[in-house]
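Raw query.txt, compact mmCIF, C-alpha atoms and all ligand atoms:
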# COMPACT_ATOMS: atom_id res chain seq x y z
CA MET U 277 20.58 141.63 90.69
CA SER U 278 19.76 138.23 92.14
CA LYS U 279 19.59 134.84 90.53
CA TYR U 280 15.79 135.11 90.65
CA SER U 281 15.49 138.55 89.00
CA ILE U 282 14.40 139.19 85.48
CA ASN U 283 17.41 139.66 83.14
CA GLU U 284 17.93 142.62 80.83
CA LYS U 285 16.41 140.69 77.92
CA GLY U 286 13.18 140.29 79.88
CA TYR U 287 13.51 136.64 80.88
CA TYR U 288 13.27 134.72 84.11
CA GLY U 289 15.42 131.75 83.12
CA GLN U 290 13.83 130.46 79.92
CA PHE U 291 10.45 132.10 80.72
CA GLY U 292 9.16 135.54 79.73
CA GLY U 293 10.26 137.58 76.73
CA ALA U 294 8.08 139.63 74.41
CA PHE U 295 6.39 137.62 71.64
CA ILE U 296 4.30 140.32 70.04
CA PRO U 297 3.12 141.42 66.61
CA GLU U 298 5.44 143.90 64.91
CA ILE U 299 2.86 146.69 65.14
CA LEU U 300 3.08 146.60 68.96
CA ARG U 301 6.87 146.61 69.08
CA LYS U 302 7.05 150.40 69.32
CA ASN U 303 4.64 150.54 72.29
CA VAL U 304 6.28 147.76 74.19
CA VAL U 305 9.72 149.25 73.61
CA GLU U 306 8.43 152.66 74.75
CA LEU U 307 7.14 151.04 77.92
CA LYS U 308 10.32 149.07 78.50
CA GLU U 309 12.55 152.08 78.00
CA ASN U 310 10.54 154.24 80.38
CA TYR U 311 8.85 152.21 83.11
CA LEU U 312 11.74 151.95 85.57
CA GLN U 313 12.74 155.54 85.18
CA ILE U 314 9.16 156.74 85.70
CA MET U 315 8.52 154.40 88.61
CA GLU U 316 11.70 155.48 90.39
CA ASN U 317 11.00 159.18 89.90
CA PRO U 318 10.37 160.79 93.32
CA GLU U 319 7.40 162.80 92.01
CA PHE U 320 5.79 159.64 90.66
CA GLN U 321 6.41 157.81 93.93
CA LYS U 322 4.93 160.72 95.88
CA ASP U 323 1.70 160.64 93.82
CA PHE U 324 1.50 156.84 93.88
CA GLN U 325 2.16 156.49 97.62
CA LYS U 326 -0.33 159.23 98.47
CA LEU U 327 -3.11 157.56 96.48
CA LEU U 328 -2.20 154.13 97.87
CA HIS U 329 -2.65 155.64 101.33
CA ASP U 330 -5.65 157.94 100.88
CA TYR U 331 -7.57 156.19 98.10
CA VAL U 332 -6.75 152.48 98.23
CA GLY U 333 -6.60 152.52 102.03
CA ARG U 334 -3.03 151.30 102.53
CA PRO U 335 -1.27 150.04 104.49
CA THR U 336 -3.67 147.13 104.73
CA ALA U 337 -3.69 145.37 108.09
CA LEU U 338 -1.41 142.47 108.99
CA TYR U 339 -3.70 140.60 111.31
CA HIS U 340 -2.57 137.95 113.80
CA ALA U 341 -5.34 135.37 113.42
CA LYS U 342 -5.44 133.81 116.89
CA ARG U 343 -8.08 131.15 116.44
CA LEU U 344 -6.71 130.06 113.07
CA SER U 345 -3.24 129.93 114.65
CA GLU U 346 -4.53 127.76 117.46
CA LYS U 347 -6.10 125.38 115.01
CA TYR U 348 -2.83 124.91 113.10
CA GLN U 349 -0.58 125.15 116.17
CA THR U 350 1.54 127.97 114.83
CA ASN U 351 1.43 131.78 114.42
CA ILE U 352 -0.58 132.85 111.39
CA TYR U 353 -0.69 136.43 110.17
CA LEU U 354 -3.13 137.44 107.43
CA LYS U 355 -2.17 140.19 104.99
CA ARG U 356 -5.53 141.82 104.46
CA GLU U 357 -5.65 142.84 100.78
CA ASP U 358 -9.38 142.21 101.06
CA LEU U 359 -9.54 145.59 102.80
CA CYS U 360 -8.36 147.50 99.71
CA HIS U 361 -10.86 149.78 97.95
CA THR U 362 -12.79 147.69 95.37
CA GLY U 363 -12.11 144.56 97.41
CA ALA U 364 -8.78 143.13 96.29
CA HIS U 365 -5.11 143.75 95.57
CA LYS U 366 -5.83 144.52 91.89
CA LEU U 367 -6.20 148.26 92.49
CA ASN U 368 -2.50 148.60 93.48
CA ASN U 369 -1.49 147.66 89.94
CA ALA U 370 -4.27 149.50 88.08
CA LEU U 371 -3.44 152.70 89.95
CA GLY U 372 0.28 152.38 89.30
CA GLN U 373 -0.25 151.71 85.61
CA ILE U 374 -2.64 154.60 85.04
CA LEU U 375 -0.23 157.05 86.68
CA LEU U 376 2.47 155.67 84.40
CA ALA U 377 0.22 155.91 81.33
CA LYS U 378 -0.46 159.57 82.12
CA ARG U 379 3.26 160.27 82.24
CA LEU U 380 3.64 158.56 78.86
CA GLY U 381 1.05 161.00 77.50
CA LYS U 382 -1.66 158.39 76.92
CA THR U 383 -5.32 159.43 77.01
CA ARG U 384 -7.12 156.14 76.55
CA ILE U 385 -7.01 152.87 78.50
CA VAL U 386 -7.91 149.36 77.39
CA ALA U 387 -8.06 146.31 79.64
CA GLU U 388 -9.17 142.70 79.63
CA THR U 389 -11.17 141.11 82.39
CA GLY U 390 -12.41 137.63 83.21
CA ALA U 391 -14.33 137.66 86.47
CA GLY U 392 -14.57 141.42 86.17
CA GLN U 393 -12.40 142.34 89.16
CA HIS U 394 -9.58 143.78 87.07
CA GLY U 395 -12.12 145.52 84.85
CA VAL U 396 -13.65 147.16 87.91
CA ALA U 397 -10.22 148.22 89.24
CA THR U 398 -9.35 149.69 85.84
CA ALA U 399 -12.71 151.46 85.42
CA THR U 400 -12.24 152.86 88.93
CA VAL U 401 -8.85 154.44 88.25
CA CYS U 402 -10.07 155.71 84.86
CA ALA U 403 -12.92 157.53 86.61
CA LEU U 404 -10.41 158.87 89.12
CA MET U 405 -8.05 160.10 86.41
CA ASN U 406 -10.71 161.11 83.86
CA MET U 407 -9.46 158.74 81.16
CA GLU U 408 -11.43 156.95 78.46
CA CYS U 409 -11.79 153.28 79.37
CA VAL U 410 -12.65 150.26 77.22
CA VAL U 411 -12.85 146.82 78.84
CA TYR U 412 -12.95 143.63 76.77
CA MET U 413 -14.76 140.74 78.39
CA GLY U 414 -15.77 137.37 76.97
CA GLU U 415 -19.52 137.17 76.39
CA VAL U 416 -19.81 134.16 78.68
CA ASP U 417 -18.13 136.13 81.46
CA VAL U 418 -20.37 139.15 80.79
CA ASN U 419 -23.35 136.96 81.57
CA ARG U 420 -21.73 135.17 84.52
CA GLN U 421 -20.41 138.34 86.19
CA PHE U 422 -23.13 140.83 85.37
CA LEU U 423 -22.83 142.77 88.65
CA ASN U 424 -19.24 143.69 87.76
CA VAL U 425 -20.36 144.70 84.25
CA GLN U 426 -22.87 147.06 85.83
CA ARG U 427 -20.20 148.42 88.16
CA MET U 428 -17.87 149.13 85.24
CA ARG U 429 -20.65 150.83 83.29
CA MET U 430 -21.61 152.98 86.27
CA LEU U 431 -17.94 153.99 86.54
CA GLY U 432 -18.10 155.16 82.93
CA ALA U 433 -16.26 152.34 81.17
CA LYS U 434 -17.35 150.87 77.87
CA VAL U 435 -17.65 147.10 78.31
CA VAL U 436 -17.28 145.22 75.04
CA PRO U 437 -18.56 141.62 75.02
CA VAL U 438 -16.17 139.40 73.04
CA THR U 439 -17.78 136.67 70.94
CA SER U 440 -14.70 134.93 69.54
CA GLY U 441 -13.21 131.64 70.80
CA ASN U 442 -14.66 130.33 74.05
CA ARG U 443 -15.90 133.84 74.86
CA THR U 444 -13.93 133.96 78.15
CA LEU U 445 -10.81 135.61 79.59
CA LYS U 446 -8.29 134.45 76.98
CA ASP U 447 -10.52 135.85 74.23
CA GLY U 448 -11.02 139.15 76.09
CA THR U 449 -7.24 139.45 76.37
CA ASN U 450 -6.75 138.80 72.65
CA GLU U 451 -9.29 141.51 71.84
CA ALA U 452 -7.68 144.05 74.19
CA ILE U 453 -4.32 143.40 72.52
CA ARG U 454 -5.96 143.82 69.10
CA ASP U 455 -7.41 147.19 70.16
CA TRP U 456 -4.00 148.29 71.43
CA CYS U 457 -2.47 147.35 68.07
CA CYS U 458 -4.98 149.63 66.27
CA ASN U 459 -4.50 152.57 68.65
CA PRO U 460 -0.86 152.46 69.65
CA ALA U 461 -0.25 156.20 69.91
CA ASN U 462 -2.83 157.30 72.48
CA THR U 463 -3.69 154.03 74.26
CA HIS U 464 -2.15 152.18 77.19
CA TYR U 465 -3.08 148.57 77.89
CA ILE U 466 -3.48 147.95 81.64
CA ILE U 467 -2.88 144.25 82.01
CA GLY U 468 -4.37 142.74 85.16
CA SER U 469 -1.75 140.31 86.37
CA ALA U 470 1.99 139.56 86.27
CA VAL U 471 1.64 138.20 82.72
CA GLY U 472 2.02 139.51 79.17
CA PRO U 473 5.09 140.61 77.21
CA ASP U 474 8.16 142.03 78.93
CA PRO U 475 8.13 144.49 80.76
CA TYR U 476 4.60 143.83 82.07
CA PRO U 477 5.37 140.95 84.44
CA ASP U 478 8.15 142.90 86.15
CA MET U 479 6.20 146.16 86.17
CA VAL U 480 3.12 144.54 87.73
CA ALA U 481 5.27 142.71 90.30
CA ARG U 482 6.86 146.04 91.27
CA PHE U 483 3.49 147.76 91.67
CA GLN U 484 2.27 144.87 93.83
CA SER U 485 5.52 144.71 95.82
CA VAL U 486 3.99 147.21 98.24
CA ILE U 487 2.39 144.10 99.79
CA SER U 488 5.70 142.56 100.91
CA GLN U 489 7.16 145.96 101.80
CA GLU U 490 4.32 146.42 104.26
CA ILE U 491 4.60 142.85 105.54
CA LYS U 492 8.26 143.55 106.39
CA ASN U 493 7.46 146.69 108.37
CA GLN U 494 4.44 145.19 110.09
CA LEU U 495 6.17 141.93 111.04
CA MET U 496 9.04 143.95 112.49
CA ASP U 497 6.58 145.90 114.64
CA GLN U 498 4.57 142.87 115.71
CA THR U 499 7.22 140.17 116.09
CA GLY U 500 10.54 142.00 116.24
CA ARG U 501 11.71 140.20 113.10
CA ASP U 502 11.01 141.43 109.59
CA TYR U 503 10.63 138.07 107.89
CA PRO U 504 8.28 135.10 108.33
CA ASP U 505 9.27 131.43 108.15
CA HIS U 506 6.52 130.66 105.63
CA LEU U 507 4.81 132.88 103.07
CA ILE U 508 1.65 131.76 101.26
CA ALA U 509 -0.38 133.20 98.37
CA CYS U 510 -2.71 131.99 95.62
CA ILE U 511 -1.79 132.31 91.94
CA GLY U 512 -3.94 132.94 88.91
CA GLY U 513 -1.64 134.98 86.70
CA GLY U 514 0.45 135.58 89.78
CA SER U 515 0.26 139.27 90.73
CA ASN U 516 -0.71 139.02 94.40
CA ALA U 517 1.82 136.22 94.86
CA ALA U 518 4.51 138.26 93.09
CA GLY U 519 3.80 141.20 95.40
CA THR U 520 3.74 138.98 98.47
CA PHE U 521 7.05 137.29 97.63
CA TYR U 522 8.85 140.28 96.08
CA HIS U 523 11.04 141.53 98.93
CA TYR U 524 11.66 138.00 100.23
CA ILE U 525 12.68 136.25 97.03
CA ASP U 526 16.39 136.32 97.86
CA ASP U 527 15.87 135.54 101.52
CA GLU U 528 16.15 131.77 101.59
CA ARG U 529 15.12 131.66 105.25
CA VAL U 530 11.59 132.32 103.99
CA LYS U 531 9.79 129.36 102.42
CA LEU U 532 7.44 130.39 99.61
CA TYR U 533 4.23 128.54 98.74
CA ALA U 534 1.82 129.20 95.89
CA ALA U 535 -1.66 127.68 95.62
CA GLU U 536 -3.05 127.19 92.14
CA ALA U 537 -6.57 126.19 91.24
CA GLY U 538 -6.92 122.44 90.93
CA GLY U 539 -10.61 122.67 90.07
CA LEU U 540 -12.26 119.26 90.18
CA SER U 541 -9.33 117.04 89.28
CA LEU U 542 -5.57 116.64 89.56
CA THR U 543 -5.51 114.00 86.82
CA ASP U 544 -7.84 115.48 84.18
CA PRO U 545 -6.59 118.83 82.84
CA GLU U 546 -10.03 119.53 81.31
CA LYS U 547 -11.41 119.89 84.83
CA SER U 548 -8.62 122.00 86.27
CA ALA U 549 -6.80 125.33 86.08
CA ALA U 550 -3.55 124.10 87.69
CA THR U 551 -1.21 125.51 85.08
CA ILE U 552 2.09 124.64 86.76
CA HIS U 553 0.83 121.13 87.60
CA PHE U 554 -0.51 120.34 84.11
CA GLY U 555 0.87 122.99 81.76
CA ARG U 556 3.51 122.64 79.11
CA GLU U 557 5.93 125.28 77.94
CA GLY U 558 4.37 127.52 75.37
CA ILE U 559 3.59 131.09 74.45
CA LEU U 560 0.45 132.85 75.59
CA HIS U 561 -0.32 136.59 75.50
CA GLY U 562 3.17 137.62 74.59
CA SER U 563 5.37 135.59 76.90
CA ARG U 564 6.83 132.12 77.28
CA SER U 565 5.55 130.25 80.30
CA TYR U 566 3.61 127.16 81.28
CA VAL U 567 0.34 127.01 79.38
CA MET U 568 -2.65 124.66 79.49
CA MET U 569 -2.90 123.17 76.01
CA ASN U 570 -3.96 120.03 74.23
CA GLU U 571 -1.83 117.64 72.14
CA ASP U 572 -2.06 120.00 69.15
CA GLY U 573 -0.82 122.97 71.13
CA GLN U 574 -4.30 124.57 71.25
CA ILE U 575 -4.98 126.52 74.42
CA THR U 576 -7.59 124.68 76.47
CA GLU U 577 -10.34 126.22 78.56
CA PRO U 578 -9.38 125.88 82.22
CA TYR U 579 -11.88 125.17 84.97
CA SER U 580 -12.01 126.39 88.57
CA ILE U 581 -14.85 127.32 90.89
CA SER U 582 -12.92 130.56 91.31
CA ALA U 583 -13.44 132.92 88.40
CA GLY U 584 -10.21 134.81 89.16
CA LEU U 585 -7.97 131.74 88.93
CA ASP U 586 -9.18 130.12 85.73
CA TYR U 587 -6.50 131.52 83.43
CA PRO U 588 -4.78 129.02 81.10
CA GLY U 589 -1.33 130.54 81.73
CA VAL U 590 0.76 131.77 84.64
CA GLY U 591 3.22 134.63 84.96
CA PRO U 592 6.75 133.77 83.76
CA MET U 593 8.24 134.64 87.14
CA HIS U 594 6.20 131.91 88.80
CA ALA U 595 6.99 129.37 86.10
CA PHE U 596 10.67 130.05 86.78
CA LEU U 597 10.46 130.08 90.59
CA ALA U 598 8.58 126.78 90.49
CA GLN U 599 11.04 125.25 88.01
CA VAL U 600 14.11 126.11 90.10
CA GLY U 601 12.38 125.06 93.31
CA ARG U 602 12.31 128.49 94.99
CA THR U 603 8.54 128.24 95.40
CA LYS U 604 6.55 125.16 96.15
CA THR U 605 3.42 125.31 94.01
CA MET U 606 0.53 123.13 95.07
CA PRO U 607 -2.84 122.60 93.40
CA VAL U 608 -5.94 123.02 95.56
CA LEU U 609 -9.26 121.41 94.66
CA ASP U 610 -12.54 123.36 94.60
CA ALA U 611 -13.81 121.45 97.63
CA GLU U 612 -10.65 122.14 99.64
CA ALA U 613 -10.85 125.86 98.87
CA MET U 614 -14.53 126.05 99.79
CA ALA U 615 -13.90 124.27 103.12
CA ALA U 616 -11.03 126.67 103.85
CA ALA U 617 -13.24 129.68 103.10
CA LEU U 618 -15.84 128.44 105.56
CA GLU U 619 -13.17 127.74 108.16
CA LEU U 620 -11.78 131.29 108.00
CA THR U 621 -15.28 132.71 108.13
CA LYS U 622 -16.22 130.70 111.23
CA LEU U 623 -12.90 131.13 113.07
CA GLU U 624 -12.11 134.74 112.29
CA GLY U 625 -15.23 136.41 110.90
CA ILE U 626 -13.59 137.08 107.56
CA ILE U 627 -15.28 135.90 104.35
CA PRO U 628 -12.44 135.59 101.82
CA ALA U 629 -12.61 135.63 98.03
CA ILE U 630 -12.64 132.06 96.68
CA GLU U 631 -9.23 132.81 95.11
CA SER U 632 -7.79 133.63 98.53
CA ALA U 633 -9.42 130.52 99.98
CA HIS U 634 -7.06 128.49 97.78
CA ALA U 635 -4.12 129.93 99.73
CA LEU U 636 -5.89 129.15 103.02
CA ALA U 637 -6.39 125.55 101.86
CA LEU U 638 -2.62 125.03 101.99
CA LEU U 639 -2.63 125.39 105.80
CA PRO U 640 -3.70 121.77 106.46
CA LYS U 641 -1.29 120.49 103.79
CA LEU U 642 1.86 122.07 105.26
CA LYS U 643 3.86 121.52 108.44
CA PHE U 644 4.66 124.48 110.69
CA GLY U 645 6.61 124.74 113.94
CA LYS U 646 4.87 126.01 117.05
CA ASP U 647 7.12 129.06 117.25
CA GLU U 648 7.25 129.75 113.54
CA ASN U 649 5.52 132.66 111.83
CA VAL U 650 3.34 132.16 108.78
CA VAL U 651 2.12 135.05 106.62
CA LEU U 652 -0.75 134.36 104.23
CA THR U 653 -2.11 136.93 101.79
CA VAL U 654 -5.89 137.21 101.70
CA SER U 655 -5.97 138.67 98.19
CA GLY U 656 -9.62 139.74 98.21
CA ARG U 657 -12.97 139.68 99.95
CA GLY U 658 -15.80 137.26 99.39
CA ASP U 659 -18.68 139.65 98.61
CA LYS U 660 -18.38 138.99 94.88
CA ASP U 661 -18.57 135.23 95.54
CA MET U 662 -21.69 135.18 97.70
CA ASN U 663 -23.82 133.57 94.98
CA THR U 664 -21.34 130.73 94.65
CA TYR U 665 -20.99 130.32 98.42
CA ALA U 666 -24.77 130.43 98.93
CA LYS U 667 -25.34 127.70 96.35
CA TYR U 668 -22.44 125.54 97.53
CA PHE U 669 -23.26 125.72 101.24
CA ASN U 670 -26.99 125.77 100.62
CA LEU U 671 -27.44 128.98 102.60
CA GLN U 672 -31.10 129.89 102.79
C1 LIG L 701 -7.76 138.36 90.29
C2 LIG L 701 -7.63 137.79 91.64
C3 LIG L 701 -6.65 136.82 91.96
C4 LIG L 701 -5.76 136.21 90.91
O1 LIG L 701 -4.89 137.08 90.30
P1 LIG L 701 -3.34 137.12 90.58
O2 LIG L 701 -2.80 138.00 89.52
O3 LIG L 701 -2.80 135.73 90.51
O4 LIG L 701 -3.15 137.70 91.94
C5 LIG L 701 -6.56 136.38 93.25
N1 LIG L 701 -7.36 136.85 94.22
C6 LIG L 701 -8.30 137.78 93.96
C7 LIG L 701 -9.18 138.26 95.08
C8 LIG L 701 -8.47 138.28 92.67
O5 LIG L 701 -9.42 139.20 92.44

Take the structure from the file and write it as structure tokens.
Amino acid sequence: MSKYSINEKGYYGQFGGAFIPEILRKNVVELKENYLQIMENPEFQKDFQKLLHDYVGRPTALYHAKRLSEKYQTNIYLKREDLCHTGAHKLNNALGQILLAKRLGKTRIVAETGAGQHGVATATVCALMNMECVVYMGEVDVNRQFLNVQRMRMLGAKVVPVTSGNRTLKDGTNEAIRDWCCNPANTHYIIGSAVGPDPYPDMVARFQSVISQEIKNQLMDQTGRDYPDHLIACIGGGSNAAGTFYHYIDDERVKLYAAEAGGLSLTDPEKSAATIHFGREGILHGSRSYVMMNEDGQITEPYSISAGLDYPGVGPMHAFLAQVGRTKTMPVLDAEAMAAALELTKLEGIIPAIESAHALALLPKLKFGKDENVVLTVSGRGDKDMNTYAKYFNLQ
């Protein structure tokens, strides 16, 4: 138990908890009473590790990026989550949760999705495990991310367009929770990030912690030392960052940096998704954290060029780590992220997801020693963002 861990009541400091309707209490308690025991069961670990290896394609490479290192006069290692099956780290969590749902005797899965990446990861594991899958997605997102809708449908999922509210991610999440309330006995809700009521944030962080476990082993092999001096990740809800930081949280030799989506402005919250920069304490989707809201406490619609980072909340773990100063959270503007994406592409031949490009955009903002080691998680690949890149860079 460290000073940064979640406590037995489900809080990181003042953040977290489980603010849920009474009808869900039974489900959430069932999950809380069972998740650690199931996850630590050797049979479960055997199944999970085997699929991580054979199906997801783990361990993902830790790549020493020589030209990028030269540019920033340090040693930069990229943790290549972009090489995971379906293109991002999200499958680690979806796979873990569906194995857990099976052991809880559930037969039906619901999920929310914004950009569609978590929906695709969930539809993928539901096909794999032969489970019924319903994905709630704001109608605006259905239209914006139609390729992912088609993917989910091909995988056998039912995609339900949500027409309430702003018809985006927050509304999809509300609808998924509503479905779960109506079908508590047979349904598990696979949440897509380190958010939601306790125990979701901790459970998702544990499933993603394979990222930092591998970084430790790979750094040891490649540098003779199992920790870096600097560790960098982007945060939307905070699952890839939670996984990247997990095994280093108590190791104060390692400096932790999180990049959040600044959008178009660091002074106008209407044009940004920088939740830790702008947000106020509030409750969203079952937990207390920083939330983007207006004077009346209404959740506002965040903006970022990156569809995976425009969530109006942030996982309670990251709210806490930022508050106590364990992580340094920095907002990155759209233009900075896009320039960083192009830089990585030109220097290393890797087209990152725009989300991941936010982490890369911290490189010019930070100071590194020549002999220091920097590990940066490339959370996903850029294929899904090619339309945005093509328009932005005017690629013919
Ligand atoms: C969804 C997504 C993110 C943001 O989610 P987190 O839970 O904060 O990790 C980041 N990168 C990629 C590639 C994504 O698909």

Find the nearest atom pair between each residue of chain U and ligand LIG 701 (chain L) for residues within 7 Å, count all atoms listed in the file, give distances in Å to one decimal, sort rows by chain and ascending number, and present the table as CSV.
residue,atom,partner,partner_atom,distance
U:Ala364,CA,L:LIG701,C7,5.0
U:His365,CA,L:LIG701,C7,6.9
U:Lys366,CA,L:LIG701,O5,6.4
U:Gln393,CA,L:LIG701,O5,5.4
U:His394,CA,L:LIG701,C1,6.6
U:Gly468,CA,L:LIG701,O2,6.6
U:Ser469,CA,L:LIG701,O2,4.0
U:Ala470,CA,L:LIG701,O2,6.0
U:Cys510,CA,L:LIG701,C5,6.3
U:Ile511,CA,L:LIG701,O3,3.8
U:Gly512,CA,L:LIG701,O3,3.4
U:Gly513,CA,L:LIG701,O3,4.1
U:Gly514,CA,L:LIG701,O3,3.3
U:Ser515,CA,L:LIG701,O2,3.5
U:Asn516,CA,L:LIG701,O4,3.7
U:Ala517,CA,L:LIG701,O4,6.0
U:Gly584,CA,L:LIG701,C1,4.5
U:Leu585,CA,L:LIG701,C4,5.4
U:Ala629,CA,L:LIG701,C7,5.2
U:Glu631,CA,L:LIG701,N1,4.5
U:Ser632,CA,L:LIG701,N1,5.4
U:Ser655,CA,L:LIG701,C7,4.5
U:Gly656,CA,L:LIG701,C7,3.5
U:Arg657,CA,L:LIG701,C7,6.3

Can you tell me, as a PyMOL selection string, what residues are no more than 7 Å from Gly372 of chain U when counting only C-alpha atoms, ignoring any on the same chain fewer than 3 positions away? chain U and resi 324+368-369+375-376+483

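Considering the residues U:Ile487, U:Val416, U:Ala461, U:Met428 and counting all atoms listed in the file, Ala387 of chain U has its shortest atom-to-atom contact with U:Met428.
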
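Minimum atom-to-atom distance to Thr400 of chain U, evaluated using all atoms listed in the file, belongs to U:Asn424 out of U:Asn424, U:Thr653, U:Asn450, U:Thr499.
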
Please measure the separation of atom CA of Phe644 of chain U and atom CA of His340 of chain U, giving the value in Å to one decimal. 15.6 Å

Can you work out the spacing between atom CA of Leu359 of chain U and atom CA of Glu490 of chain U in Å, to one decimal?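 Calculated distance between atom CA of Leu359 of chain U and atom CA of Glu490 of chain U is 14.0 Å.
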
Select, counting all atoms listed in the file, all protein, DNA and RNA residues no farther than 9 Å from (8.6, 143.4, 107.6) in file coordinates, and express the selection as number ranges by chain. U: 488-497, 500-504

Option closest in space to Lys382 of chain U, from U:Thr543, U:Asn303, U:Thr350, U:Asn419 [counting only C-alpha atoms]: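 Selected residue with least distance to Lys382 of chain U: U:Asn303.
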
Do a neighbour search on His506 of chain U at 12 Å with only C-alpha atoms, toss out local chain neighbours closer than 4 positions, and write the hits as an MDAnalysis selection string. chainID U and resid 350:354 520:521 524:525 527:534 603:604 638:639 642:645 647:653

Using only C-alpha atoms for the distances, tell me which of U:Pro592, U:Gly472, U:Gly539, U:Gly392 is nearest to Pro437 of chain U.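 Among the listed residues, U:Gly392 lies closest to Pro437 of chain U.
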
For Thr336 of chain U, which residue out of U:Val486, U:Ala294, U:Met315, U:Cys360 is the nearest one, using all atoms listed in the file?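 Looking at the shortest contact to Thr336 of chain U, the residue is U:Cys360.
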
Of the candidates U:Ile627, U:Leu542, U:Met606, U:Ala377, which shows the shortest atom-to-atom distance to Tyr465 of chain U, using only C-alpha atoms?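 For Tyr465 of chain U, the nearest of the given residues is U:Ala377.
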
Expected file for segment 521-537 of chain U keeping N, CA and C atoms, as an mmCIF file, in the first residue's frame:
data_model
loop_
_atom_site.group_PDB
_atom_site.id
_atom_site.type_symbol
_atom_site.label_atom_id
_atom_site.label_comp_id
_atom_site.auth_asym_id
_atom_site.auth_seq_id
_atom_site.Cartn_x
_atom_site.Cartn_y
_atom_site.Cartn_z
ATOM 1 N N PHE U 521 2.359 4.316 -16.062
ATOM 2 C CA PHE U 521 2.929 4.778 -14.783
ATOM 3 C C PHE U 521 2.898 3.693 -13.704
ATOM 4 N N TYR U 522 2.005 2.710 -13.856
ATOM 5 C CA TYR U 522 1.600 1.832 -12.752
ATOM 6 C C TYR U 522 2.741 1.309 -11.874
ATOM 7 N N HIS U 523 3.715 0.667 -12.474
ATOM 8 C CA HIS U 523 4.780 0.041 -11.672
ATOM 9 C C HIS U 523 5.879 1.032 -11.285
ATOM 10 N N TYR U 524 5.710 2.298 -11.651
ATOM 11 C CA TYR U 524 6.708 3.313 -11.308
ATOM 12 C C TYR U 524 6.161 4.373 -10.350
ATOM 13 N N ILE U 525 4.905 4.240 -9.973
ATOM 14 C CA ILE U 525 4.279 5.321 -9.217
ATOM 15 C C ILE U 525 5.024 5.621 -7.917
ATOM 16 N N ASP U 526 5.496 4.579 -7.248
ATOM 17 C CA ASP U 526 6.199 4.796 -5.979
ATOM 18 C C ASP U 526 7.690 5.054 -6.150
ATOM 19 N N ASP U 527 8.156 4.985 -7.370
ATOM 20 C CA ASP U 527 9.588 5.167 -7.619
ATOM 21 C C ASP U 527 9.846 6.631 -7.983
ATOM 22 N N GLU U 528 10.201 7.412 -6.964
ATOM 23 C CA GLU U 528 10.291 8.863 -7.163
ATOM 24 C C GLU U 528 11.492 9.274 -8.020
ATOM 25 N N ARG U 529 12.339 8.301 -8.373
ATOM 26 C CA ARG U 529 13.424 8.623 -9.319
ATOM 27 C C ARG U 529 12.857 8.887 -10.713
ATOM 28 N N VAL U 530 11.643 8.363 -10.951
ATOM 29 C CA VAL U 530 11.037 8.475 -12.283
ATOM 30 C C VAL U 530 10.078 9.664 -12.302
ATOM 31 N N LYS U 531 10.346 10.615 -13.176
ATOM 32 C CA LYS U 531 9.438 11.760 -13.316
ATOM 33 C C LYS U 531 8.313 11.390 -14.282
ATOM 34 N N LEU U 532 7.082 11.693 -13.885
ATOM 35 C CA LEU U 532 5.919 11.313 -14.683
ATOM 36 C C LEU U 532 5.275 12.544 -15.325
ATOM 37 N N TYR U 533 5.007 12.457 -16.617
ATOM 38 C CA TYR U 533 4.366 13.564 -17.333
ATOM 39 C C TYR U 533 3.130 13.062 -18.075
ATOM 40 N N ALA U 534 2.056 13.835 -18.004
ATOM 41 C CA ALA U 534 0.842 13.491 -18.726
ATOM 42 C C ALA U 534 0.467 14.652 -19.635
ATOM 43 N N ALA U 535 0.133 14.334 -20.889
ATOM 44 C CA ALA U 535 -0.277 15.360 -21.848
ATOM 45 C C ALA U 535 -1.789 15.292 -22.013
ATOM 46 N N GLU U 536 -2.477 16.388 -21.738
ATOM 47 C CA GLU U 536 -3.910 16.403 -22.008
ATOM 48 C C GLU U 536 -4.202 17.324 -23.177
ATOM 49 N N ALA U 537 -5.414 17.166 -23.734
ATOM 50 C CA ALA U 537 -5.711 17.841 -24.996
ATOM 51 C C ALA U 537 -6.122 19.291 -24.764
#
